[in-house]
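Down below is the structure, laid out as C-alpha cells.
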Amino acid sequence: MAITEYEDKIKEIVNRENHSGFIYDFLSIYDRISKATITKLRKGSNNLSKVPGEVHLKNKLYFKEVSGQVLQSYSDLEEKIKLLKSKPRYVIVTDYDQLLAKDEKTGDTLDIKFKELPRYFDFFLAWNGIEKADFEKENPADLKAAERFAKLFDELANDNEDADRHGLNLFLIRLLFCLFAEDTNIFAPDLFTNYLKQMTAADGSDMNERISELFVFLDKKERTGDEPAYLKDFPYVNGSLFTEPHLHLNFSSKTRQLMIDAGELVGWASVNPDILGSMLQAVASEDKRSHLGMHYTSVPNIMKVIKPLFLDELREEFENSKGNQKKLNELYARIGKIKFMDPACGSGNFLIITYKELRQLEIDIIKELNNMGISTMYVPSVTLDQFYGIEIEDFACDVTRLSLWIAEHQMNVKLHQEIKDAVRPTLPLQKAGAIVCGNALRLDWNEVLPHDKDDEVYLFGNPPYLGSSLQDKEQKEDMKLTVGSVVDGYKKLDYITGWLVKGANYIQHSNGCCSFVSTNSVCQGEQVPILWKYLLKIIEIKYAYTSFSWNNSAKNNAAVKVIILGLSRKGSAKLKRIYYGSSNLYMDAKSISPYLTDSDKNIIVEKSSKNLFGLPTMYRGNMPTDGGGLILSPDEYREVPEELKPVIKRFVGAKDMLNGLQRYVLWMDKNTYNSLQKDCFLQNRISIVKKMRLESRKKSTNKLAETPWKFEFISHPSEYSGNTLIVPRVTSSNRYYLPLVLEDSNTIVSDTSTAIYDSPLWLMGLLESNVHMVWIRNIGGKLKTDYRYSSDLIYNTFPVPELSTRRKNEIEDLVLKILDIRDEEGGTLAELYGSPLAEKNPKPMNPRLLKAHQELDAVVDRAYKSGGFKDDSERLSLLLKMYSEKIAQQKK
C-alpha cells in the first residue's frame, strides 16, 4: 500500500462523527491482520480483556477508550501490562481528542492530537512486518510528498488538458515552496494551508482566483497597507519564483482537497531537497513515473565525485588552518569565491550536496574562530550565486532552483542552531548563479559560467551514457558538433564523451577541474585510442574510481557499472589517486593511464595487424554466406549419401562450442565439386546457396553464386593436420575465464569465432589465464555487456614474456589437467564455466575446474613476475608497461 493510501484511509476513519468502531477499522488498514481476526475481535471472542472500552488482541494490541484523563489512564494501563506474561506490541489510549501510544518492543511513544494520527501511520507498521527504523531509511517524507504530488498532478492534468505544460509545472513548484515554507517557519505555521481552507470554496470554483491573487502578492516588494487582510501575513519572496504570471487553471473539490492534504499530512521540514527534486521530476514526466522513488542518486555516490575533486583538499586546508586566524579567514574568503557547475544537472542533486557541504565548512570555520576566542560578526561567505547548471528539461531546471532554496533554508536553520548569534534570513530568496535550460552539448559553457584563468571553478555531474548505436539523430548531431571537429572516429564514441571533451576544453587553460560519472567503456577497447589521444593533449587524469555499481538510495535499486574520471589541466595535479571500486581505498599514482592504472606514461593500446610478441597468427573463422545450404544439422547429416561423407566436416562456432551443439558442413574445392555435382542431395543443397546469393542486394554476393560450393571467406589451411585453438569472438563477462576448445584439422571454425591453426598447447593455457582476462576486460571492447574478442586489438597486442621450455611444459601439463576435468565432469562448457559474476541468478563455476584454473593462474603469473601479483591492477600495469616497451623498441 502506498504511503498516501494509509494516510487517506486513517483520515477517513478519524474524521467520522461516531468512533465506536474506531479500533477495529484502524486495525483493518494494516492488512497483515486478517479480516477474520478483526471480526472475532468485534464479537469479543478473542478479546483477552473483559473490561468495557478495552480491546486486548494477543501479541498485537492493548487499546483503551477513555473520557478525559488520558495520561492517567495510560499510566494505569502500563502498570497492568507489566503483569502480563505475553506483552502486546502496542498500547493505545485515547479520548478521541488526544492519543497516547507506545511500542512496547522499541520503547517509542506517541503523544498527539487524535486528528494528527494519519501523519503517524508508520508508528504502527510492525503490524505489517515493517519496523519503523527500516521504513525511515526509505525517506518516507520524500516518498509521501512525491506520491501526493503525483495524485495532484494527474487530477490537474485531467482538468486542464490543453494547459501549457510549463505553466502547470511552475504551479507545482510554487505550491511546493509554499507548503515547505509554512512547515519550516519561512511563513507562519500552516499559513498557506489555512488560506486554502478558509478563503476558497469547497468546490474549488474560486481556487484559481485566490491562488493567482496570492502569487502576485508574494512577488510584491512594496506593501501599501491597502491589501486584503487575509494576505497581509504573507511575506515578500523574490528570487523571481512568483514573477511570471500564474497560468489560469481549473480546480475542483478534489484538487482543492489534495492540496490541503499535502499541507496537513506531509512533514515538509523532513524532506531532502536532493532526493525530492528527482522524485518531483519523475512525477511530471510520464516516461519516468514508473520510477517514482528510484530516480535519485545517493549522497555517498555524489561524495565520490566531489570529495577528491575539491572537498577533501578544502577540508585538509581547514584542519591545517586550525588555530591560525589568518589562514582560517583566507579559507573563509576562498570558499565564497569558488564556482561550481553541473552541465547535466537534472534536478540538481550534485549542486545541492555541494552547497550543503560548503555551508557546513563555513559553519565549521566560524566555530573554530569562536573557539579561539575571536568574536566575529557573521558575514555570509557561500551563496547560491556560486552555483550553475545546464539541463535540457525546463521543469527540472525549476526543480533545481527550488531545491537549492530549500537547501539554503535548511542550512540557515543549521547555522543558527550551531552558532546562536549567526542569523541568515531565507527571505527574500537569493538568485542561484544560473540554472540554464538547454542542450549542454550545443551551449557555450563559458557563456553559462564565464571565468578567468585564475578563477577556481569545478565542473561535475552524471551525464547520459548512451552508446554510439543507441543515439538518436539529434544526439548524433550533438556529437558531430561537439566531438567531431576535434576527434577522428567520433561516431564510435559514447554520448558522454561529449561532456568529457567540452569539460577538457573548458579547464585546459584555467584553474578549474572537472569530474564526471561515466560508463567504463570510455576507458576500454577501441574508444581509448579514439578519445584519449585528443584528451591527453590538453588534460591529465587527476583521480579515478575504477568500475563499481552506481546505486541509488531507493528501495528498488537501479544500478549500472560506472567509473568516475577527475580531470585537470596538464601538469596541475600534484597528487593523483586511483580509488578501487565502490570502496574509498586508494593508491597514489605517478600518472593515471586511460585504462585507470598507475603509469609513468600515457599508454594507449592500438590495433595491430601482426602479433607484436611472436605468437602464432590468429585468423578470423570461415564465413559461408550460404542461406543454410552448406551447413547441416545432425538430422540432415544422417541423410547424407555415403559418397558425400568424405567432404563433410564438423562446423563449430561460438554457440556450438559453449553449448555442445553438433553441426556439419559441406567442404570441397572446385575439382571435388565437379566430380560430385550430379548427386541429388548435393544438388538440393547447392540450389539453396545459389538462390540466396542471387537474391541478395549486394553485387559481391551475387557474384558468389558462380562458386556455390565455396565459402565466401576461407581461412582454414588447405594442407593441415595439427590442432585448431578456437576463441569465441563474443564471450560473457559473467565468467572468470575465457572458455576455449582444441579441435582437430577436420573441424571448420565458423566466423563467430577466431582460430589459431596448429596451435601449441601452452598457448591455450596462456589465453585461458587470468592475466589474459585482465587484458580482455580492459583493452577489449564490449558488445552490450559481453566482451568482444578481436585479434587486432586483444590477441596481437597481448604482452607475452619469454617463456622457457620448462615453463611451457608446466603450463601444458595444467592445460591437459583442465581438459581431463572437463571430460570427467561432463556437461557443456557453458555449464562447467557457469556465470559466477552475474548480478542476477549467478551460477557457480565447477569447483574442480576452478581449482585447476587457479593452479594455472599461479604458474602464468610467475612467468610474468616471479613473486606473483597482489591484484589485477598490478597485472594490468605490468602488461601496459610491456606493451609500451615493445612499441618503443619497434619504433627504434
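Ordered as shown in the C-alpha cells, chains take letters A, B, and onward, while each chain numbers its residues from 1 and ligands are numbered from 1 in the order shown.
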
Which parts of segment 808-856 of chain A does DSSP call alpha helix (DSSP H) when run on the backbone here, written out as a PDB file with N, CA, C and O atoms, in the first residue's frame?
ATOM      1  N   LYS A 808      56.822 -23.668 -20.418  1.00  0.00           N
ATOM      2  CA  LYS A 808      55.803 -24.100 -21.378  1.00  0.00           C
ATOM      3  C   LYS A 808      55.280 -25.485 -21.026  1.00  0.00           C
ATOM      4  O   LYS A 808      54.068 -25.744 -21.091  1.00  0.00           O
ATOM      5  N   ASN A 809      56.201 -26.388 -20.653  1.00  0.00           N
ATOM      6  CA  ASN A 809      55.785 -27.745 -20.278  1.00  0.00           C
ATOM      7  C   ASN A 809      54.889 -27.730 -19.031  1.00  0.00           C
ATOM      8  O   ASN A 809      53.914 -28.487 -18.942  1.00  0.00           O
ATOM      9  N   GLU A 810      55.254 -26.859 -18.095  1.00  0.00           N
ATOM     10  CA  GLU A 810      54.468 -26.736 -16.865  1.00  0.00           C
ATOM     11  C   GLU A 810      53.042 -26.263 -17.192  1.00  0.00           C
ATOM     12  O   GLU A 810      52.059 -26.781 -16.651  1.00  0.00           O
ATOM     13  N   ILE A 811      52.943 -25.296 -18.093  1.00  0.00           N
ATOM     14  CA  ILE A 811      51.630 -24.779 -18.500  1.00  0.00           C
ATOM     15  C   ILE A 811      50.847 -25.858 -19.244  1.00  0.00           C
ATOM     16  O   ILE A 811      49.651 -26.061 -19.002  1.00  0.00           O
ATOM     17  N   GLU A 812      51.527 -26.608 -20.143  1.00  0.00           N
ATOM     18  CA  GLU A 812      50.848 -27.641 -20.916  1.00  0.00           C
ATOM     19  C   GLU A 812      50.296 -28.744 -20.024  1.00  0.00           C
ATOM     20  O   GLU A 812      49.200 -29.265 -20.261  1.00  0.00           O
ATOM     21  N   ASP A 813      51.055 -29.117 -18.972  1.00  0.00           N
ATOM     22  CA  ASP A 813      50.569 -30.135 -18.050  1.00  0.00           C
ATOM     23  C   ASP A 813      49.254 -29.703 -17.389  1.00  0.00           C
ATOM     24  O   ASP A 813      48.325 -30.516 -17.211  1.00  0.00           O
ATOM     25  N   LEU A 814      49.177 -28.424 -17.041  1.00  0.00           N
ATOM     26  CA  LEU A 814      47.968 -27.922 -16.388  1.00  0.00           C
ATOM     27  C   LEU A 814      46.806 -27.794 -17.380  1.00  0.00           C
ATOM     28  O   LEU A 814      45.647 -27.986 -17.008  1.00  0.00           O
ATOM     29  N   VAL A 815      47.118 -27.494 -18.647  1.00  0.00           N
ATOM     30  CA  VAL A 815      46.065 -27.465 -19.669  1.00  0.00           C
ATOM     31  C   VAL A 815      45.480 -28.860 -19.849  1.00  0.00           C
ATOM     32  O   VAL A 815      44.257 -29.028 -19.944  1.00  0.00           O
ATOM     33  N   LEU A 816      46.346 -29.878 -19.900  1.00  0.00           N
ATOM     34  CA  LEU A 816      45.869 -31.260 -20.026  1.00  0.00           C
ATOM     35  C   LEU A 816      45.012 -31.648 -18.825  1.00  0.00           C
ATOM     36  O   LEU A 816      44.011 -32.361 -18.965  1.00  0.00           O
ATOM     37  N   LYS A 817      45.390 -31.159 -17.648  1.00  0.00           N
ATOM     38  CA  LYS A 817      44.603 -31.432 -16.444  1.00  0.00           C
ATOM     39  C   LYS A 817      43.214 -30.800 -16.563  1.00  0.00           C
ATOM     40  O   LYS A 817      42.201 -31.434 -16.225  1.00  0.00           O
ATOM     41  N   ILE A 818      43.159 -29.573 -17.075  1.00  0.00           N
ATOM     42  CA  ILE A 818      41.878 -28.882 -17.266  1.00  0.00           C
ATOM     43  C   ILE A 818      41.011 -29.645 -18.268  1.00  0.00           C
ATOM     44  O   ILE A 818      39.807 -29.845 -18.040  1.00  0.00           O
ATOM     45  N   LEU A 819      41.608 -30.096 -19.363  1.00  0.00           N
ATOM     46  CA  LEU A 819      40.850 -30.837 -20.377  1.00  0.00           C
ATOM     47  C   LEU A 819      40.330 -32.161 -19.821  1.00  0.00           C
ATOM     48  O   LEU A 819      39.202 -32.580 -20.119  1.00  0.00           O
ATOM     49  N   ASP A 820      41.144 -32.827 -18.995  1.00  0.00           N
ATOM     50  CA  ASP A 820      40.705 -34.083 -18.375  1.00  0.00           C
ATOM     51  C   ASP A 820      39.513 -33.846 -17.445  1.00  0.00           C
ATOM     52  O   ASP A 820      38.547 -34.625 -17.440  1.00  0.00           O
ATOM     53  N   ILE A 821      39.585 -32.773 -16.640  1.00  0.00           N
ATOM     54  CA  ILE A 821      38.489 -32.469 -15.706  1.00  0.00           C
ATOM     55  C   ILE A 821      37.206 -32.171 -16.480  1.00  0.00           C
ATOM     56  O   ILE A 821      36.115 -32.597 -16.084  1.00  0.00           O
ATOM     57  N   ARG A 822      37.336 -31.434 -17.576  1.00  0.00           N
ATOM     58  CA  ARG A 822      36.146 -31.158 -18.404  1.00  0.00           C
ATOM     59  C   ARG A 822      35.484 -32.470 -18.837  1.00  0.00           C
ATOM     60  O   ARG A 822      34.258 -32.637 -18.754  1.00  0.00           O
ATOM     61  N   ASP A 823      36.294 -33.420 -19.302  1.00  0.00           N
ATOM     62  CA  ASP A 823      35.748 -34.702 -19.760  1.00  0.00           C
ATOM     63  C   ASP A 823      35.130 -35.485 -18.606  1.00  0.00           C
ATOM     64  O   ASP A 823      34.051 -36.077 -18.738  1.00  0.00           O
ATOM     65  N   GLU A 824      35.821 -35.504 -17.476  1.00  0.00           N
ATOM     66  CA  GLU A 824      35.365 -36.291 -16.330  1.00  0.00           C
ATOM     67  C   GLU A 824      34.079 -35.737 -15.720  1.00  0.00           C
ATOM     68  O   GLU A 824      33.194 -36.495 -15.305  1.00  0.00           O
ATOM     69  N   GLU A 825      33.986 -34.400 -15.662  1.00  0.00           N
ATOM     70  CA  GLU A 825      32.817 -33.780 -15.036  1.00  0.00           C
ATOM     71  C   GLU A 825      31.613 -33.800 -15.960  1.00  0.00           C
ATOM     72  O   GLU A 825      30.472 -33.761 -15.505  1.00  0.00           O
ATOM     73  N   LEU A 829      30.518 -26.551 -21.900  1.00  0.00           N
ATOM     74  CA  LEU A 829      31.410 -25.505 -21.380  1.00  0.00           C
ATOM     75  C   LEU A 829      30.604 -24.437 -20.658  1.00  0.00           C
ATOM     76  O   LEU A 829      31.052 -23.897 -19.638  1.00  0.00           O
ATOM     77  N   ALA A 830      29.417 -24.096 -21.184  1.00  0.00           N
ATOM     78  CA  ALA A 830      28.575 -23.086 -20.541  1.00  0.00           C
ATOM     79  C   ALA A 830      28.209 -23.527 -19.119  1.00  0.00           C
ATOM     80  O   ALA A 830      28.193 -22.719 -18.188  1.00  0.00           O
ATOM     81  N   GLU A 831      27.938 -24.807 -18.944  1.00  0.00           N
ATOM     82  CA  GLU A 831      27.595 -25.326 -17.621  1.00  0.00           C
ATOM     83  C   GLU A 831      28.820 -25.395 -16.713  1.00  0.00           C
ATOM     84  O   GLU A 831      28.759 -25.038 -15.532  1.00  0.00           O
ATOM     85  N   LEU A 832      29.934 -25.855 -17.260  1.00  0.00           N
ATOM     86  CA  LEU A 832      31.148 -26.019 -16.453  1.00  0.00           C
ATOM     87  C   LEU A 832      31.719 -24.676 -15.988  1.00  0.00           C
ATOM     88  O   LEU A 832      32.184 -24.551 -14.851  1.00  0.00           O
ATOM     89  N   TYR A 833      31.689 -23.668 -16.877  1.00  0.00           N
ATOM     90  CA  TYR A 833      32.269 -22.374 -16.534  1.00  0.00           C
ATOM     91  C   TYR A 833      31.261 -21.437 -15.866  1.00  0.00           C
ATOM     92  O   TYR A 833      31.636 -20.444 -15.261  1.00  0.00           O
ATOM     93  N   PRO A 847      33.652 -26.493  -9.289  1.00  0.00           N
ATOM     94  CA  PRO A 847      34.724 -26.280  -8.310  1.00  0.00           C
ATOM     95  C   PRO A 847      36.058 -26.955  -8.673  1.00  0.00           C
ATOM     96  O   PRO A 847      37.120 -26.376  -8.445  1.00  0.00           O
ATOM     97  N   ARG A 848      36.014 -28.183  -9.225  1.00  0.00           N
ATOM     98  CA  ARG A 848      37.266 -28.855  -9.611  1.00  0.00           C
ATOM     99  C   ARG A 848      37.951 -28.085 -10.734  1.00  0.00           C
ATOM    100  O   ARG A 848      39.171 -27.894 -10.729  1.00  0.00           O
ATOM    101  N   LEU A 849      37.147 -27.636 -11.680  1.00  0.00           N
ATOM    102  CA  LEU A 849      37.683 -26.893 -12.819  1.00  0.00           C
ATOM    103  C   LEU A 849      38.248 -25.544 -12.359  1.00  0.00           C
ATOM    104  O   LEU A 849      39.314 -25.125 -12.824  1.00  0.00           O
ATOM    105  N   LEU A 850      37.545 -24.891 -11.445  1.00  0.00           N
ATOM    106  CA  LEU A 850      38.014 -23.607 -10.913  1.00  0.00           C
ATOM    107  C   LEU A 850      39.367 -23.765 -10.224  1.00  0.00           C
ATOM    108  O   LEU A 850      40.288 -22.961 -10.439  1.00  0.00           O
ATOM    109  N   LYS A 851      39.509 -24.819  -9.442  1.00  0.00           N
ATOM    110  CA  LYS A 851      40.771 -25.048  -8.735  1.00  0.00           C
ATOM    111  C   LYS A 851      41.924 -25.279  -9.717  1.00  0.00           C
ATOM    112  O   LYS A 851      43.031 -24.766  -9.539  1.00  0.00           O
ATOM    113  N   ALA A 852      41.651 -26.030 -10.789  1.00  0.00           N
ATOM    114  CA  ALA A 852      42.682 -26.294 -11.797  1.00  0.00           C
ATOM    115  C   ALA A 852      43.086 -25.002 -12.510  1.00  0.00           C
ATOM    116  O   ALA A 852      44.265 -24.776 -12.799  1.00  0.00           O
ATOM    117  N   HIS A 853      42.097 -24.162 -12.797  1.00  0.00           N
ATOM    118  CA  HIS A 853      42.399 -22.874 -13.441  1.00  0.00           C
ATOM    119  C   HIS A 853      43.226 -21.985 -12.515  1.00  0.00           C
ATOM    120  O   HIS A 853      44.120 -21.255 -12.965  1.00  0.00           O
ATOM    121  N   GLN A 854      42.924 -22.033 -11.230  1.00  0.00           N
ATOM    122  CA  GLN A 854      43.683 -21.215 -10.268  1.00  0.00           C
ATOM    123  C   GLN A 854      45.138 -21.688 -10.184  1.00  0.00           C
ATOM    124  O   GLN A 854      46.054 -20.867 -10.015  1.00  0.00           O
ATOM    125  N   GLU A 855      45.344 -22.995 -10.307  1.00  0.00           N
ATOM    126  CA  GLU A 855      46.721 -23.517 -10.367  1.00  0.00           C
ATOM    127  C   GLU A 855      47.426 -22.982 -11.608  1.00  0.00           C
ATOM    128  O   GLU A 855      48.589 -22.583 -11.562  1.00  0.00           O
ATOM    129  N   LEU A 856      46.715 -22.986 -12.732  1.00  0.00           N
ATOM    130  CA  LEU A 856      47.275 -22.447 -13.980  1.00  0.00           C
ATOM    131  C   LEU A 856      47.592 -20.965 -13.827  1.00  0.00           C
ATOM    132  O   LEU A 856      48.647 -20.491 -14.264  1.00  0.00           O
TER     133      LEU A 856
END

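With atom CA of Tyr787 of chain A on one side and atom CA of Leu536 of chain A on the other, the separation reads 25.8 Å.
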
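Compared by their closest atoms to Ile10 of chain A, and using only C-alpha atoms, the residues A:Ala440, A:Met411, A:Leu117, A:Ile335 rank with A:Leu117 nearest.
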
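Here atom CA of Ala504 of chain A stands at a distance of 7.2 Å from atom CA of Leu567 of chain A.
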
Q: Pull the strand (DSSP E or B) assignments for segment 494-705 of chain A out of DSSP run on the backbone, and list those residues as a ChimeraX atom specification.
A: /A:513-518,539-549,552,561-569,577-579,586-588,592,598,619-620,622-623,631-632,648-652,664-666

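Atom pair atom CA of Phe242 of chain A / atom CA of Asp444 of chain A has a distance of 28.6 Å (rounded to one decimal).
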
Q. What's the 9 Å shell around Tyr458 of chain A, counting only C-alpha atoms, without same-chain residues fewer than 3 positions away, as a list in words?
A. Leu309, Phe310, Ile338, Lys339, Phe340, Met341, Asp342, Ile507, Asn511, Gly512, Cys513, Cys514 and Ser515 of chain A

Q.
So that I can check the surroundings of Lys304 of chain A, please list as a VMD selection string every protein, DNA and RNA residue that reaches within 12 Å of it, counting only C-alpha atoms and ignoring chain neighbours fewer than 6 positions away.
A. chain A and resid 297 to 298 310 to 312 350 353 to 354 460 to 462 515 to 517 543 to 546 548 550 562 to 566 578 to 586

Q | 12 Å contact set for Asn841 of chain A, only C-alpha atoms, chain neighbours under 6 positions out, as number ranges by chain | A | A: 734, 834-835

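Nearest residue to Gly389 of chain A among A:Leu77, A:Ala407, A:Val436, A:Val423 is A:Val436, counting only C-alpha atoms.
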
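The residue that comes closest to Asn238 of chain A, out of A:Glu222, A:Glu474, A:Asp103, A:Glu456 and on the basis of only C-alpha atoms, is A:Glu222.
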
Listing only residues of segment 334-427 of chain A within 12 Å of segment 144-167 of chain A, what is the closest atom pair and its distance in Å (to one decimal) for each, using only C-alpha atoms, sorted by chain and residue number ascending, as a Markdown table?
| residue | atom | partner | partner_atom | distance |
| --- | --- | --- | --- | --- |
| A:Glu393 | CA | A:His166 | CA | 10.1 |
| A:Asp394 | CA | A:His166 | CA | 7.5 |
| A:Phe395 | CA | A:His166 | CA | 7.0 |
| A:Ala396 | CA | A:His166 | CA | 10.8 |
| A:Cys397 | CA | A:His166 | CA | 11.1 |
| A:Asp398 | CA | A:His166 | CA | 9.7 |

Q: For Gly204 of chain A, please output as JSON, numbers by chain all residues within 7 Å (counting only C-alpha atoms; exclusion window: fewer than 4 positions along the same chain).
A: {"A": [200, 251, 252, 253, 256]}

Q: Determine, counting only C-alpha atoms, which protein, DNA and RNA residues have an atom within 9 Å of an atom of Ile776 of chain A; residues of the same chain fewer than 6 positions away are not included. Present the result as a list in words.
A: Gly525, Tyr787, Arg788, Tyr789, Ile794, Tyr795 and Phe798 of chain A
